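J.: My file is input.pdb. It has PDB, N, CA and C atoms:
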ATOM      1  N   MET A 222      85.314 110.690  77.526
ATOM      2  CA  MET A 222      85.802 111.344  76.322
ATOM      3  C   MET A 222      87.203 111.884  76.569
ATOM      4  N   ALA A 223      88.015 111.853  75.538
ATOM      5  CA  ALA A 223      89.400 112.311  75.647
ATOM      6  C   ALA A 223      89.462 113.818  75.877
ATOM      7  N   GLN A 224      90.397 114.234  76.723
ATOM      8  CA  GLN A 224      90.539 115.647  77.071
ATOM      9  C   GLN A 224      91.566 116.363  76.197
ATOM     10  N   HIS A 225      92.512 115.597  75.662
ATOM     11  CA  HIS A 225      93.580 116.185  74.849
ATOM     12  C   HIS A 225      93.402 115.798  73.384
ATOM     13  N   LYS A 226      93.966 116.622  72.517
ATOM     14  CA  LYS A 226      93.892 116.364  71.074
ATOM     15  C   LYS A 226      94.511 115.014  70.717
ATOM     16  N   SER A 227      95.681 114.768  71.302
ATOM     17  CA  SER A 227      96.396 113.527  70.986
ATOM     18  C   SER A 227      95.635 112.301  71.477
ATOM     19  N   ALA A 228      94.980 112.419  72.619
ATOM     20  CA  ALA A 228      94.192 111.307  73.160
ATOM     21  C   ALA A 228      92.968 111.044  72.286
ATOM     22  N   ALA A 229      92.371 112.112  71.776
ATOM     23  CA  ALA A 229      91.213 111.965  70.888
ATOM     24  C   ALA A 229      91.635 111.284  69.589
ATOM     25  N   LYS A 230      92.799 111.665  69.077
ATOM     26  CA  LYS A 230      93.308 111.046  67.848
ATOM     27  C   LYS A 230      93.583 109.568  68.086
ATOM     28  N   ARG A 231      94.202 109.243  69.224
ATOM     29  CA  ARG A 231      94.481 107.841  69.546
ATOM     30  C   ARG A 231      93.186 107.043  69.620
ATOM     31  N   ALA A 232      92.149 107.628  70.188
ATOM     32  CA  ALA A 232      90.856 106.950  70.304
ATOM     33  C   ALA A 232      90.273 106.673  68.921
ATOM     34  N   ARG A 233      90.388 107.651  68.017
ATOM     35  CA  ARG A 233      89.898 107.453  66.641
ATOM     36  C   ARG A 233      90.687 106.350  65.949
ATOM     37  N   GLN A 234      91.997 106.388  66.106
ATOM     38  CA  GLN A 234      92.849 105.377  65.469
ATOM     39  C   GLN A 234      92.546 103.985  66.017
ATOM     40  N   SER A 235      92.300 103.929  67.309
ATOM     41  CA  SER A 235      92.005 102.660  67.963
ATOM     42  C   SER A 235      90.723 102.034  67.417
ATOM     43  N   VAL A 236      89.713 102.843  67.228
ATOM     44  CA  VAL A 236      88.431 102.355  66.689
ATOM     45  C   VAL A 236      88.633 101.827  65.269
ATOM     46  N   LYS A 237      89.364 102.568  64.470
ATOM     47  CA  LYS A 237      89.621 102.188  63.081
ATOM     48  C   LYS A 237      90.418 100.873  63.015
ATOM     49  N   LYS A 238      91.465 100.788  63.840
ATOM     50  CA  LYS A 238      92.332  99.609  63.847
ATOM     51  C   LYS A 238      91.568  98.382  64.333
ATOM     52  N   ASN A 239      90.694  98.596  65.322
ATOM     53  CA  ASN A 239      89.892  97.502  65.847
ATOM     54  C   ASN A 239      88.988  96.917  64.766
ATOM     55  N   ALA A 240      88.388  97.780  63.958
ATOM     56  CA  ALA A 240      87.513  97.320  62.876
ATOM     57  C   ALA A 240      88.309  96.532  61.834
ATOM     58  N   ILE A 241      89.486  97.015  61.499
ATOM     59  CA  ILE A 241      90.345  96.335  60.518
ATOM     60  C   ILE A 241      90.769  94.968  61.035
ATOM     61  N   ASN A 242      91.213  94.919  62.303
ATOM     62  CA  ASN A 242      91.671  93.657  62.883
ATOM     63  C   ASN A 242      90.537  92.654  63.029
ATOM     64  N   THR A 243      89.354  93.134  63.365
ATOM     65  CA  THR A 243      88.191  92.248  63.488
ATOM     66  C   THR A 243      87.845  91.633  62.131
ATOM     67  N   ALA A 244      87.877  92.453  61.095
ATOM     68  CA  ALA A 244      87.581  91.959  59.745
ATOM     69  C   ALA A 244      88.634  90.938  59.305
ATOM     70  N   ARG A 245      89.890  91.231  59.604
ATOM     71  CA  ARG A 245      90.986  90.332  59.213
ATOM     72  C   ARG A 245      90.862  88.992  59.936
ATOM     73  N   LYS A 246      90.557  89.036  61.216
ATOM     74  CA  LYS A 246      90.399  87.816  62.012
ATOM     75  C   LYS A 246      89.220  86.993  61.491
ATOM     76  N   SER A 247      88.140  87.676  61.146
ATOM     77  CA  SER A 247      86.952  87.015  60.611
ATOM     78  C   SER A 247      87.260  86.333  59.284
ATOM     79  N   ARG A 248      88.007  87.027  58.425
ATOM     80  CA  ARG A 248      88.379  86.480  57.120
ATOM     81  C   ARG A 248      89.211  85.200  57.279
ATOM     82  N   VAL A 249      90.132  85.220  58.234
ATOM     83  CA  VAL A 249      90.984  84.052  58.483
ATOM     84  C   VAL A 249      90.138  82.892  58.991
ATOM     85  N   ARG A 250      89.256  83.159  59.929
ATOM     86  CA  ARG A 250      88.413  82.099  60.497
ATOM     87  C   ARG A 250      87.481  81.497  59.441
ATOM     88  N   THR A 251      86.955  82.339  58.571
ATOM     89  CA  THR A 251      86.097  81.854  57.494
ATOM     90  C   THR A 251      86.895  80.957  56.552
ATOM     91  N   GLY A 252      88.110  81.369  56.244
ATOM     92  CA  GLY A 252      88.989  80.558  55.392
ATOM     93  C   GLY A 252      89.283  79.208  56.015
ATOM     94  N   GLU A 253      89.483  79.197  57.320
ATOM     95  CA  GLU A 253      89.760  77.943  58.032
ATOM     96  C   GLU A 253      88.538  77.017  57.967
ATOM     97  N   LYS A 254      87.355  77.578  58.190
ATOM     98  CA  LYS A 254      86.128  76.775  58.141
ATOM     99  C   LYS A 254      85.893  76.204  56.746
ATOM    100  N   THR A 255      86.163  77.015  55.724
ATOM    101  CA  THR A 255      85.993  76.567  54.340
ATOM    102  C   THR A 255      86.954  75.428  54.032
ATOM    103  N   LEU A 256      88.198  75.567  54.497
ATOM    104  CA  LEU A 256      89.209  74.524  54.283
ATOM    105  C   LEU A 256      88.815  73.235  55.000
ATOM    106  N   LEU A 257      88.356  73.343  56.239
ATOM    107  CA  LEU A 257      87.931  72.155  56.979
ATOM    108  C   LEU A 257      86.739  71.466  56.308
ATOM    109  N   LYS A 258      85.850  72.255  55.746
ATOM    110  CA  LYS A 258      84.697  71.695  55.026
ATOM    111  C   LYS A 258      85.172  70.930  53.788
ATOM    112  N   ALA A 259      86.147  71.497  53.073
ATOM    113  CA  ALA A 259      86.689  70.833  51.882
ATOM    114  C   ALA A 259      87.398  69.526  52.264
ATOM    115  N   ILE A 260      88.078  69.524  53.403
ATOM    116  CA  ILE A 260      88.751  68.305  53.872
ATOM    117  C   ILE A 260      87.705  67.243  54.193
ATOM    118  N   LYS A 261      86.640  67.670  54.860
ATOM    119  CA  LYS A 261      85.568  66.738  55.240
ATOM    120  C   LYS A 261      84.895  66.137  54.003
ATOM    121  N   GLU A 262      84.716  66.977  52.965
ATOM    122  CA  GLU A 262      84.074  66.508  51.736
ATOM    123  C   GLU A 262      85.045  65.850  50.760
ATOM    124  N   LYS A 263      86.338  65.819  51.142
ATOM    125  CA  LYS A 263      87.398  65.182  50.339
ATOM    126  C   LYS A 263      87.521  65.797  48.939
ATOM    127  N   ASP A 264      87.434  67.106  48.873
ATOM    128  CA  ASP A 264      87.558  67.839  47.610
ATOM    129  C   ASP A 264      89.023  68.229  47.394
ATOM    130  N   THR A 265      89.791  67.338  46.766
ATOM    131  CA  THR A 265      91.240  67.536  46.656
ATOM    132  C   THR A 265      91.629  68.758  45.827
ATOM    133  N   LYS A 266      90.848  69.076  44.800
ATOM    134  CA  LYS A 266      91.169  70.240  43.963
ATOM    135  C   LYS A 266      91.008  71.537  44.748
ATOM    136  N   ALA A 267      89.947  71.629  45.505
ATOM    137  CA  ALA A 267      89.687  72.843  46.283
ATOM    138  C   ALA A 267      90.668  72.981  47.445
ATOM    139  N   ILE A 268      91.048  71.864  48.028
ATOM    140  CA  ILE A 268      91.954  71.887  49.179
ATOM    141  C   ILE A 268      93.255  72.591  48.849
ATOM    142  N   GLN A 269      93.798  72.304  47.692
ATOM    143  CA  GLN A 269      95.068  72.900  47.274
ATOM    144  C   GLN A 269      95.006  74.427  47.290
ATOM    145  N   THR A 270      94.004  74.979  46.648
ATOM    146  CA  THR A 270      93.888  76.436  46.568
ATOM    147  C   THR A 270      93.478  77.034  47.910
ATOM    148  N   LEU A 271      92.610  76.355  48.642
ATOM    149  CA  LEU A 271      92.155  76.876  49.932
ATOM    150  C   LEU A 271      93.277  76.902  50.961
ATOM    151  N   LEU A 272      94.135  75.882  50.952
ATOM    152  CA  LEU A 272      95.257  75.856  51.888
ATOM    153  C   LEU A 272      96.227  76.994  51.585
ATOM    154  N   SER A 273      96.481  77.214  50.315
ATOM    155  CA  SER A 273      97.366  78.301  49.910
ATOM    156  C   SER A 273      96.797  79.658  50.334
ATOM    157  N   ALA A 274      95.509  79.855  50.095
ATOM    158  CA  ALA A 274      94.852  81.111  50.454
ATOM    159  C   ALA A 274      94.830  81.294  51.974
ATOM    160  N   TYR A 275      94.532  80.225  52.692
ATOM    161  CA  TYR A 275      94.481  80.283  54.153
ATOM    162  C   TYR A 275      95.845  80.611  54.738
ATOM    163  N   THR A 276      96.876  79.958  54.222
ATOM    164  CA  THR A 276      98.242  80.207  54.688
ATOM    165  C   THR A 276      98.623  81.669  54.487
ATOM    166  N   SER A 277      98.312  82.186  53.316
ATOM    167  CA  SER A 277      98.614  83.576  52.999
ATOM    168  C   SER A 277      97.891  84.529  53.943
ATOM    169  N   GLN A 278      96.602  84.319  54.135
ATOM    170  CA  GLN A 278      95.805  85.184  55.006
ATOM    171  C   GLN A 278      96.285  85.117  56.457
ATOM    172  N   MET A 279      96.575  83.907  56.912
ATOM    173  CA  MET A 279      96.981  83.713  58.300
ATOM    174  C   MET A 279      98.331  84.368  58.590
ATOM    175  N   MET A 280      99.282  84.208  57.683
ATOM    176  CA  MET A 280     100.603  84.801  57.894
ATOM    177  C   MET A 280     100.528  86.332  57.813
ATOM    178  N   LYS A 281      99.693  86.840  56.936
ATOM    179  CA  LYS A 281      99.495  88.292  56.836
ATOM    180  C   LYS A 281      98.908  88.825  58.150
ATOM    181  N   ALA A 282      97.930  88.113  58.696
ATOM    182  CA  ALA A 282      97.328  88.511  59.970
ATOM    183  C   ALA A 282      98.356  88.438  61.103
ATOM    184  N   ALA A 283      99.228  87.433  61.054
ATOM    185  CA  ALA A 283     100.269  87.300  62.072
ATOM    186  C   ALA A 283     101.271  88.446  61.975
ATOM    187  N   GLN A 284     101.611  88.828  60.755
ATOM    188  CA  GLN A 284     102.532  89.957  60.566
ATOM    189  C   GLN A 284     101.938  91.244  61.106
ATOM    190  N   LYS A 285     100.627  91.392  60.984
ATOM    191  CA  LYS A 285      99.948  92.602  61.434
ATOM    192  C   LYS A 285      99.642  92.571  62.934
ATOM    193  N   GLY A 286      99.901  91.434  63.585
ATOM    194  CA  GLY A 286      99.698  91.345  65.025
ATOM    195  C   GLY A 286      98.313  90.894  65.447
ATOM    196  N   VAL A 287      97.510  90.423  64.512
ATOM    197  CA  VAL A 287      96.166  89.947  64.851
ATOM    198  C   VAL A 287      96.272  88.609  65.577
ATOM    199  N   PHE A 288      97.143  87.733  65.096
ATOM    200  CA  PHE A 288      97.477  86.469  65.747
ATOM    201  C   PHE A 288      98.974  86.483  66.027
ATOM    202  N   SER A 289      99.415  85.729  67.015
ATOM    203  CA  SER A 289     100.857  85.629  67.226
ATOM    204  C   SER A 289     101.434  84.738  66.129
ATOM    205  N   LYS A 290     102.693  84.938  65.818
ATOM    206  CA  LYS A 290     103.324  84.175  64.738
ATOM    207  C   LYS A 290     103.359  82.689  65.047
ATOM    208  N   SER A 291     103.575  82.346  66.309
ATOM    209  CA  SER A 291     103.624  80.927  66.675
ATOM    210  C   SER A 291     102.246  80.282  66.567
ATOM    211  N   ALA A 292     101.198  81.019  66.911
ATOM    212  CA  ALA A 292      99.831  80.486  66.792
ATOM    213  C   ALA A 292      99.484  80.266  65.326
ATOM    214  N   ALA A 293      99.892  81.204  64.479
ATOM    215  CA  ALA A 293      99.631  81.074  63.043
ATOM    216  C   ALA A 293     100.370  79.856  62.481
ATOM    217  N   ALA A 294     101.635  79.719  62.830
ATOM    218  CA  ALA A 294     102.435  78.585  62.350
ATOM    219  C   ALA A 294     101.839  77.266  62.837
ATOM    220  N   ARG A 295     101.387  77.245  64.081
ATOM    221  CA  ARG A 295     100.807  76.023  64.653
ATOM    222  C   ARG A 295      99.533  75.623  63.921
ATOM    223  N   LYS A 296      98.660  76.595  63.660
ATOM    224  CA  LYS A 296      97.403  76.298  62.963
ATOM    225  C   LYS A 296      97.660  75.801  61.537
ATOM    226  N   ILE A 297      98.568  76.475  60.841
ATOM    227  CA  ILE A 297      98.905  76.079  59.472
ATOM    228  C   ILE A 297      99.504  74.678  59.462
ATOM    229  N   SER A 298     100.389  74.427  60.397
ATOM    230  CA  SER A 298     101.042  73.120  60.482
ATOM    231  C   SER A 298     100.037  72.004  60.742
ATOM    232  N   ARG A 299      99.119  72.251  61.647
ATOM    233  CA  ARG A 299      98.126  71.217  61.981
ATOM    234  C   ARG A 299      97.173  70.940  60.831
ATOM    235  N   LEU A 300      96.773  71.998  60.131
ATOM    236  CA  LEU A 300      95.901  71.796  58.972
ATOM    237  C   LEU A 300      96.636  71.064  57.851
ATOM    238  N   SER A 301      97.893  71.434  57.624
ATOM    239  CA  SER A 301      98.696  70.772  56.588
ATOM    240  C   SER A 301      98.890  69.301  56.913
ATOM    241  N   ALA A 302      99.170  69.012  58.179
ATOM    242  CA  ALA A 302      99.355  67.623  58.604
ATOM    243  C   ALA A 302      98.072  66.820  58.417
ATOM    244  N   GLN A 303      96.955  67.446  58.731
ATOM    245  CA  GLN A 303      95.657  66.789  58.567
ATOM    246  C   GLN A 303      95.395  66.465  57.098
ATOM    247  N   ILE A 304      95.728  67.408  56.227
ATOM    248  CA  ILE A 304      95.538  67.201  54.788
ATOM    249  C   ILE A 304      96.435  66.081  54.278
ATOM    250  N   HIS A 305      97.704  66.124  54.655
ATOM    251  CA  HIS A 305      98.640  65.106  54.172
ATOM    252  C   HIS A 305      98.345  63.731  54.751
ATOM    253  N   LYS A 306      97.773  63.694  55.954
ATOM    254  CA  LYS A 306      97.397  62.429  56.558
ATOM    255  C   LYS A 306      96.277  61.771  55.756
ATOM    256  N   HIS A 307      95.287  62.566  55.329
ATOM    257  CA  HIS A 307      94.133  62.008  54.641
ATOM    258  C   HIS A 307      94.378  61.834  53.135
ATOM    259  N   PHE A 308      95.148  62.718  52.539
ATOM    260  CA  PHE A 308      95.272  62.717  51.093
ATOM    261  C   PHE A 308      96.676  62.438  50.576
ATOM    262  N   GLY A 309      97.653  62.513  51.436
ATOM    263  CA  GLY A 309      99.033  62.200  51.045
ATOM    264  C   GLY A 309      99.547  63.091  49.936
ATOM    265  N   ALA A 310     100.156  62.484  48.935
ATOM    266  CA  ALA A 310     100.783  63.231  47.840
ATOM    267  C   ALA A 310      99.756  63.694  46.795
ATOM    268  N   ALA A 311      98.516  63.325  46.946
ATOM    269  CA  ALA A 311      97.490  63.671  45.960
ATOM    270  C   ALA A 311      97.243  65.178  45.876
ATOM    271  N   THR A 312      97.563  65.916  46.952
ATOM    272  CA  THR A 312      97.310  67.347  46.963
ATOM    273  C   THR A 312      98.494  68.179  46.485
ATOM    274  N   LYS A 313      99.590  67.526  46.140
ATOM    275  CA  LYS A 313     100.777  68.270  45.707
ATOM    276  C   LYS A 313     100.707  68.683  44.271
TER     277      LYS A 313
END
Please re-express this file's structure in structure tokens.
T.:
Amino acid sequence: MAQHKSAAKRARQSVKKNAINTARKSRVRTGEKTLLKAIKEKDTKAIQTLLSAYTSQMMKAAQKGVFSKSAAARKISRLSAQIHKHFGAATK
């Protein structure tokens, strides 16, 4: 247990931040799984909106430090390339 007031406050903040970051990471991973499922099922209408939502969530998480910016860019790039490889201009 923390001995100083400031250390106790840091511990409280750490617990709170950990819960927020865990939820954010979970939300991003769920979005990725949903997008991959839509790609597998070839649902072109859903892919468009899911990719947009995933990109937004991932970049927000990267800005907050949950993922590194390069990891976020890499994941988005690979998913986009996968979509364009299978569906081409149909998703634009």
J.: Running the PyMOL selection byres (((chain A and resi 296 and name CA) around 12) and name CA) on this model by hand, what would come out? Give it as a ChimeraX atom specification.
T.: /A:249-250,253,257,272,275-276,279-280,283,288-295,297-303
J.: Excluding Leu271 of chain A and residues on its chain fewer than 4 positions from it, collect all residues at most 7 Å away from it, counting only N, CA and C atoms, and give them as a PyMOL selection string.
T.: chain A and resi 252+255-256+266-267+275-276
J.: Enter the distance from atom C of Arg231 of chain A to atom C of Thr251 of chain A, in Å, rounded to one decimal.
T.: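 So the two atoms, atom C of Arg231 of chain A and atom C of Thr251 of chain A, lie 29.8 Å apart.
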J.: Work out how far atom CA of Ala282 of chain A is from atom CA of Arg248 of chain A, in Å to one decimal.
T.: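 Answer for the atom CA of Arg248 of chain A to atom CA of Ala282 of chain A separation: 9.6 Å.
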J.: Distance atom CA of Gln224 of chain A-atom CA of Val287 of chain A, one decimal place?
T.: 29.0 Å
J.: For segment 258-271 of chain A, I'd like the enclosing box, axis-aligned and padded by 4 Å on every side, reported as lines of an AutoDock Vina configuration file with centre and edge lengths in Å to one decimal.
T.:
center_x = 89.6
center_y = 71.1
center_z = 49.9
size_x = 19.0
size_y = 19.9
size_z = 19.8
J.: Would you write out, as a list in words, every residue that the PyMOL selection byres (((chain A and resi 263 and name CA) around 12) and name CA) captures in this file?
T.: Leu256, Leu257, Lys258, Ala259, Ile260, Lys261, Glu262, Asp264, Thr265, Lys266, Ala267, Ile268, Gln269, Gln303, Ile304, His305, His307, Phe308, Ala311 and Thr312 of chain A
